[in-house]
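Engineer: This structure is in structure tokens; I'll ask about it shortly.
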Amino acid sequence: SEELNKRNRILCWIITSPKTHSRAQLIKQTWGRRCDKLLFMSSSQDDTLPEAIPLPVNDTYANLWGKTQEALKYLYRHHLEDAEWFYKADDDTYAVMENMRHLLSSFNASSPLHLGFKYEHPKVRQGFMSGGSGYVLTKEAIRRFVEFKNNSTSGSQCVLNHEGAEDLNLGICLEELNVTAVDSRDENKVERFLPWSLEDMICGHLKNPGFWYLREFSYFPLKQDMNCCSPYAVAFHYVKDYQLKVYEYLIYGLR
Amino acid sequence: RILCWVTTSPKTHSRAQLIKDTWGSRCDKLIFMSSIQDDTLPDAIILPTVNDTYENLWGKTQEALKYLYIHHLEDAEWFYKADDDTYAVIENMYYLLSGFDASTALYLGFKYKNPGVRQGFMSGGSGYVLTKEAIRRFVEIGLPKLNSPQISHNVCVSGPKGLEDLNLGSCLAKLNVTAGDSRDKSDMERFLPMSLENMMCGNLNCPENDFLQQWAFYPLKTGIECCSPYAVSFHYVRDHELKIYEYLIYGLRMY
């Protein structure tokens with residue numbers, strides 16, 4: 001119903017950078033238009049992406065944590081009333097928004113929540129969400145993070161300098177703020193947020209030595225091959241450039 | 001009924017297994033034509049070809065059609081040839097074929113124009129479908145018979161060399177086998193000769209598309225209009241990608 005939709009609006013914020021603004025365009029033309037609101041967080045505006053939000057950061061992978069903090073601050077200041085859910089994605093991600101709405105509909109948007117692909121870590125008892133596969137935060141989660149940031153106390157493990165692993169640091173901070181890291185797997189306990197490329201997950205590559213982190217630290221037992229990925233998957237990572245259009249066609253175009 | 005015959009070779013027998021695990025199982029009958037049997041593909045049909053190379057593909061095709069004529073003509077009404085880097089959507093194939101008369105001399109695929117073949121010929125790479133009657137005419141009349149002195153000239157190009165798809169098209173035209181129009185009601189192509197990424201490549205310069213634009217029999221659209229929602233065949237889908245297509249087309253559900 002109209003009312004239901006109003007209470008479950010999704011704002012998608014895409015992390016991009018000047019080198020890959022063309023991907024942002026492809027996202028606009030494909031899955032991005034299914035978000036209630038779509039924002040591109042970058043470090044500068046240009047002709048390829050005139051609406052990019054230029055955050056005051058040094059745009060490198062090492063500074064991703066800094067960029068994320070600036071993005072959350074920006075959302076807090078300008079967009080907190082525009083949605084109930086705030087979905088972060090990289091610009092090489094393909095999201096299936098209908099499945100995203102279905103997932104979120106079973107959670108309470110007014111609670112402080114964090115959804116995504118969960119990793120475990122000694123510093124975060126409840127686990128943290130992988131940055132690469134994207135995650136969703138509620139309004140309350142963002143509010144707590146930004147307001148804490150403004151009034152941080154000593155004794156906190158939540159480190160706010162610009163370097164450091166974005167996803168791990170966010171997870172540590174959110175746990176201290178009593179934001180819940182939920183289980184977003186489907187009824188058959190299959191993951192909906194997919195941290196690696198579909199190719200790697202479906203083809204058993206995860207057994208290779210290169211994927212040791214995923215094997216060691218995934219919070220829930222990992223499934224592989226054709227069982228890896230939920231029929232109600234919400235997001236695929238490492239989908240680049242024209243592959244975005246290919247996914248759009250295979251998922252929405254082909255009958 | 002549709003009999004699928006997949007052209008493969010010893011170097012790529014592993015792809016054949018992937019086809020068996022994905023779309024191949026939806027054919028009424030599935031046959032792999034190769035030059036050697038091995039542990040990876042113990043049920044491969046060995047064709048008596050001299051050298052299993054691209055140059056001899058025409059020779060391999062003649063042998064394959066002869067084989068089908070001798071052993072399988074009664075096993076199906078339609079005979080679909082695919083390469084081992086093809087992903088076919090068999091349900092859409094049934095839908096396409098239901099609009100044609102299986103008892104006629106007919107062949108379908110992605111049509112190219114050529115000054116030597118007025119009705120056009122089907123791209124080998126994107127696969128094509130022949131009726132029983134088309135195969136019968138090809139083998140009984142078209143193929144050179146070394147033991148028939150009465151035949152002073154060959155209808156089909158003799159020898160193993162030459163462009164397989166052009167030679168086949170040229171020969172079938174002489175045998176009054178119709179090269180049908182397999183586009184859908186909106187004139188969108190169902191057999192796709194280039195990778196989906198290349199076909200989607202709309203406004204940007206994709207040099208591969210120049211060839212296609214120049215030689216396609218019917219006017220070609222680019223971008224998301226390139227490809228019918230009822231597409232039957234995707235080319236250049238290799239190895240792991242076969243499983244990705246399988247998941248995106250049959251596994252993923254929209255809530």
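Naming works like this for the structure tokens: A, B, ... for the chains as they're shown, residue 1 at the start of each chain, ligands 1 onward in shown order.
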Quick one: residues within 6 Å of segment 81-92 of chain A, only C-alpha atoms, excluding same-chain residues fewer than 4 positions away - as JSON, numbers by chain?
Structural biologist: {"A": [8, 9, 10, 11, 12, 13, 14, 15, 16, 109, 134, 135, 136, 137, 138, 139, 238, 239, 240]}
Engineer: Identify every residue of chain A that has at least one atom within 12 Å of any atom of chain B, counting only C-alpha atoms, and report the result as a short mmCIF file (atom, residue, chain, number, x, y, z; two decimals) with N, CA and C atoms, in the first residue's frame.
Structural biologist:
data_model
loop_
_atom_site.label_atom_id
_atom_site.label_comp_id
_atom_site.auth_asym_id
_atom_site.auth_seq_id
_atom_site.Cartn_x
_atom_site.Cartn_y
_atom_site.Cartn_z
N SER A 22 31.74 7.08 -14.88
CA SER A 22 30.95 6.48 -15.97
C SER A 22 30.13 5.31 -15.46
N LEU A 26 25.87 4.25 -15.54
CA LEU A 26 25.27 2.95 -15.84
C LEU A 26 24.36 2.50 -14.70
N GLN A 29 21.11 4.19 -15.07
CA GLN A 29 20.29 3.63 -16.15
C GLN A 29 19.75 2.25 -15.84
N THR A 30 20.32 1.60 -14.86
CA THR A 30 19.87 0.25 -14.55
C THR A 30 19.20 0.20 -13.17
N TYR A 94 25.60 -4.59 -8.45
CA TYR A 94 24.27 -4.64 -9.05
C TYR A 94 23.30 -5.09 -7.96
N ALA A 95 22.31 -4.24 -7.65
CA ALA A 95 21.35 -4.59 -6.60
C ALA A 95 19.99 -4.93 -7.20
N VAL A 96 19.28 -5.84 -6.55
CA VAL A 96 17.95 -6.23 -6.99
C VAL A 96 16.98 -5.62 -5.99
N MET A 97 16.47 -4.45 -6.31
CA MET A 97 15.75 -3.65 -5.31
C MET A 97 14.46 -4.29 -4.81
N GLU A 98 13.76 -5.05 -5.67
CA GLU A 98 12.52 -5.70 -5.20
C GLU A 98 12.86 -6.67 -4.08
N ASN A 99 13.96 -7.40 -4.25
CA ASN A 99 14.36 -8.35 -3.22
C ASN A 99 14.86 -7.63 -1.98
N MET A 100 15.45 -6.45 -2.17
CA MET A 100 15.89 -5.64 -1.05
C MET A 100 14.67 -5.21 -0.22
N ARG A 101 13.61 -4.74 -0.89
CA ARG A 101 12.41 -4.30 -0.17
C ARG A 101 11.79 -5.46 0.59
N HIS A 102 11.79 -6.64 -0.04
CA HIS A 102 11.20 -7.81 0.61
C HIS A 102 11.98 -8.14 1.88
N LEU A 103 13.31 -8.08 1.79
CA LEU A 103 14.15 -8.37 2.96
C LEU A 103 13.85 -7.38 4.08
N LEU A 104 13.85 -6.10 3.73
CA LEU A 104 13.72 -5.06 4.75
C LEU A 104 12.33 -5.04 5.39
N SER A 105 11.34 -5.52 4.64
CA SER A 105 9.97 -5.46 5.16
C SER A 105 9.80 -6.30 6.41
N ARG A 192 22.13 -13.40 1.18
CA ARG A 192 21.49 -12.52 0.19
C ARG A 192 22.41 -11.40 -0.29
N SER A 197 32.47 -11.97 -6.39
CA SER A 197 31.79 -12.03 -7.67
C SER A 197 31.00 -13.33 -7.74
N LEU A 198 29.90 -13.30 -8.50
CA LEU A 198 29.09 -14.50 -8.67
C LEU A 198 29.94 -15.65 -9.18
N GLU A 199 30.83 -15.31 -10.08
CA GLU A 199 31.73 -16.30 -10.66
C GLU A 199 32.51 -17.04 -9.59
N ASP A 200 33.09 -16.27 -8.66
CA ASP A 200 33.88 -16.91 -7.62
C ASP A 200 33.01 -17.75 -6.70
N MET A 201 31.81 -17.27 -6.42
CA MET A 201 30.98 -18.00 -5.47
C MET A 201 30.37 -19.24 -6.09
N ILE A 202 29.92 -19.13 -7.33
CA ILE A 202 29.25 -20.28 -7.93
C ILE A 202 30.22 -21.36 -8.36
N CYS A 203 31.44 -20.97 -8.69
CA CYS A 203 32.32 -21.94 -9.30
C CYS A 203 33.31 -22.58 -8.36
N GLY A 204 33.05 -22.43 -7.08
CA GLY A 204 33.90 -23.14 -6.15
C GLY A 204 35.28 -22.55 -6.01
N HIS A 205 35.49 -21.32 -6.49
CA HIS A 205 36.81 -20.71 -6.36
C HIS A 205 37.15 -20.42 -4.91
N ASP A 225 29.14 -23.17 -4.76
CA ASP A 225 28.60 -23.66 -6.03
C ASP A 225 27.16 -23.17 -6.18
N MET A 226 26.32 -23.98 -6.78
CA MET A 226 24.99 -23.48 -7.09
C MET A 226 24.17 -23.19 -5.84
N ASN A 227 24.64 -23.62 -4.64
CA ASN A 227 23.91 -23.35 -3.40
C ASN A 227 24.34 -22.09 -2.70
N CYS A 228 25.29 -21.39 -3.32
CA CYS A 228 25.91 -20.27 -2.60
C CYS A 228 24.98 -19.12 -2.37
N CYS A 229 24.06 -18.96 -3.29
CA CYS A 229 23.44 -17.65 -3.41
C CYS A 229 21.92 -17.76 -3.43
N SER A 230 21.34 -16.98 -2.56
CA SER A 230 19.89 -17.04 -2.39
C SER A 230 19.13 -16.70 -3.68
N PRO A 231 18.00 -17.38 -3.90
CA PRO A 231 17.13 -16.97 -4.99
C PRO A 231 16.61 -15.55 -4.78
N TYR A 232 16.70 -15.06 -3.53
CA TYR A 232 16.24 -13.71 -3.23
C TYR A 232 17.42 -12.78 -2.94
N ALA A 233 18.54 -13.07 -3.62
CA ALA A 233 19.74 -12.25 -3.43
C ALA A 233 19.40 -10.78 -3.66
N VAL A 234 20.02 -9.90 -2.88
CA VAL A 234 19.74 -8.47 -3.00
C VAL A 234 20.85 -7.71 -3.71
N ALA A 235 22.09 -8.23 -3.70
CA ALA A 235 23.18 -7.47 -4.30
C ALA A 235 24.33 -8.36 -4.75
N PHE A 236 24.87 -8.02 -5.92
CA PHE A 236 26.03 -8.72 -6.48
C PHE A 236 27.18 -7.73 -6.61
N VAL A 239 30.43 -6.24 -10.38
CA VAL A 239 29.74 -6.21 -11.67
C VAL A 239 30.12 -4.87 -12.30
N LYS A 240 30.97 -4.95 -13.33
CA LYS A 240 31.58 -3.71 -13.80
C LYS A 240 31.03 -3.24 -15.13
N ASP A 241 30.93 -1.93 -15.25
CA ASP A 241 30.67 -1.30 -16.54
C ASP A 241 29.52 -1.97 -17.28
N TYR A 242 29.75 -2.45 -18.48
CA TYR A 242 28.65 -2.98 -19.29
C TYR A 242 28.04 -4.25 -18.74
N GLN A 243 28.73 -4.91 -17.80
CA GLN A 243 28.12 -6.08 -17.15
C GLN A 243 26.86 -5.65 -16.41
N LEU A 244 26.80 -4.38 -15.98
CA LEU A 244 25.61 -3.88 -15.30
C LEU A 244 24.40 -3.98 -16.23
N LYS A 245 24.62 -3.64 -17.49
CA LYS A 245 23.52 -3.73 -18.46
C LYS A 245 23.18 -5.18 -18.78
N VAL A 246 24.19 -6.04 -18.77
CA VAL A 246 23.94 -7.45 -19.03
C VAL A 246 23.08 -8.03 -17.93
N TYR A 247 23.38 -7.71 -16.63
CA TYR A 247 22.58 -8.19 -15.51
C TYR A 247 21.16 -7.63 -15.61
N GLU A 248 21.06 -6.37 -15.96
CA GLU A 248 19.74 -5.74 -16.09
C GLU A 248 18.90 -6.51 -17.10
N TYR A 249 19.50 -6.86 -18.21
CA TYR A 249 18.79 -7.60 -19.26
C TYR A 249 18.43 -9.00 -18.79
N LEU A 250 19.40 -9.71 -18.19
CA LEU A 250 19.14 -11.11 -17.82
C LEU A 250 18.11 -11.20 -16.69
N ILE A 251 18.10 -10.19 -15.79
CA ILE A 251 17.19 -10.26 -14.65
C ILE A 251 15.82 -9.67 -14.96
N TYR A 252 15.78 -8.56 -15.68
CA TYR A 252 14.51 -7.88 -15.92
C TYR A 252 14.01 -7.99 -17.37
N GLY A 253 14.95 -8.16 -18.31
CA GLY A 253 14.56 -8.14 -19.72
C GLY A 253 14.12 -9.49 -20.23
N LEU A 254 14.91 -10.49 -19.97
CA LEU A 254 14.66 -11.82 -20.51
C LEU A 254 13.44 -12.46 -19.86
N ARG A 255 12.58 -13.06 -20.70
CA ARG A 255 11.39 -13.74 -20.17
C ARG A 255 11.57 -15.24 -20.26
#
Engineer: Quick one: everything within 8 Å of segment 179-190 of chain B, counting only C-alpha atoms, minus sequence neighbours fewer than 2 positions away in the same chain. Send it as a VMD selection string.
Structural biologist: chain B and resid 96 106 to 111 119 to 122 173 177 192 221 225 to 228 230 to 233
Engineer: Would you please work out which residue, of A:Asn58, A:Asn178, A:Asn208, A:Ser218, is nearest to Phe145 of chain A when using only C-alpha atoms?
Structural biologist: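 Between A:Asn58, A:Asn178, A:Asn208, A:Ser218, the residue approaching Phe145 of chain A most closely is A:Asn178.
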Engineer: Hey, what's within 7 Å of segment 129-145 of chain B if we count only C-alpha atoms and toss same-chain stuff fewer than 4 positions away? As JSON, numbers by chain, please?
Structural biologist: {"B": [65, 66, 69, 73, 77, 78, 79, 80, 81, 102, 103, 104, 105, 106, 107, 108, 109, 154, 155, 156, 158, 171, 172, 175, 177]}
Engineer: So which bits of segment 38-242 of chain B end up alpha helix (DSSP H) when you DSSP the backbone, as a PyMOL selection string?
Structural biologist: chain B and resi 57-71+90-97+132-137+164-174+196-200+207-215+240-242
Engineer: Where in segment 75-230 of chain B does DSSP assign strand (DSSP E or B), given as JSON, numbers by chain?
Structural biologist: {"B": [78, 79, 80, 81, 82, 83, 86, 87, 88, 106, 107, 108, 109, 111, 112, 113, 114, 117, 118, 119, 120, 121, 122, 128, 129, 130, 131, 178, 179, 189, 191, 192, 216, 227]}
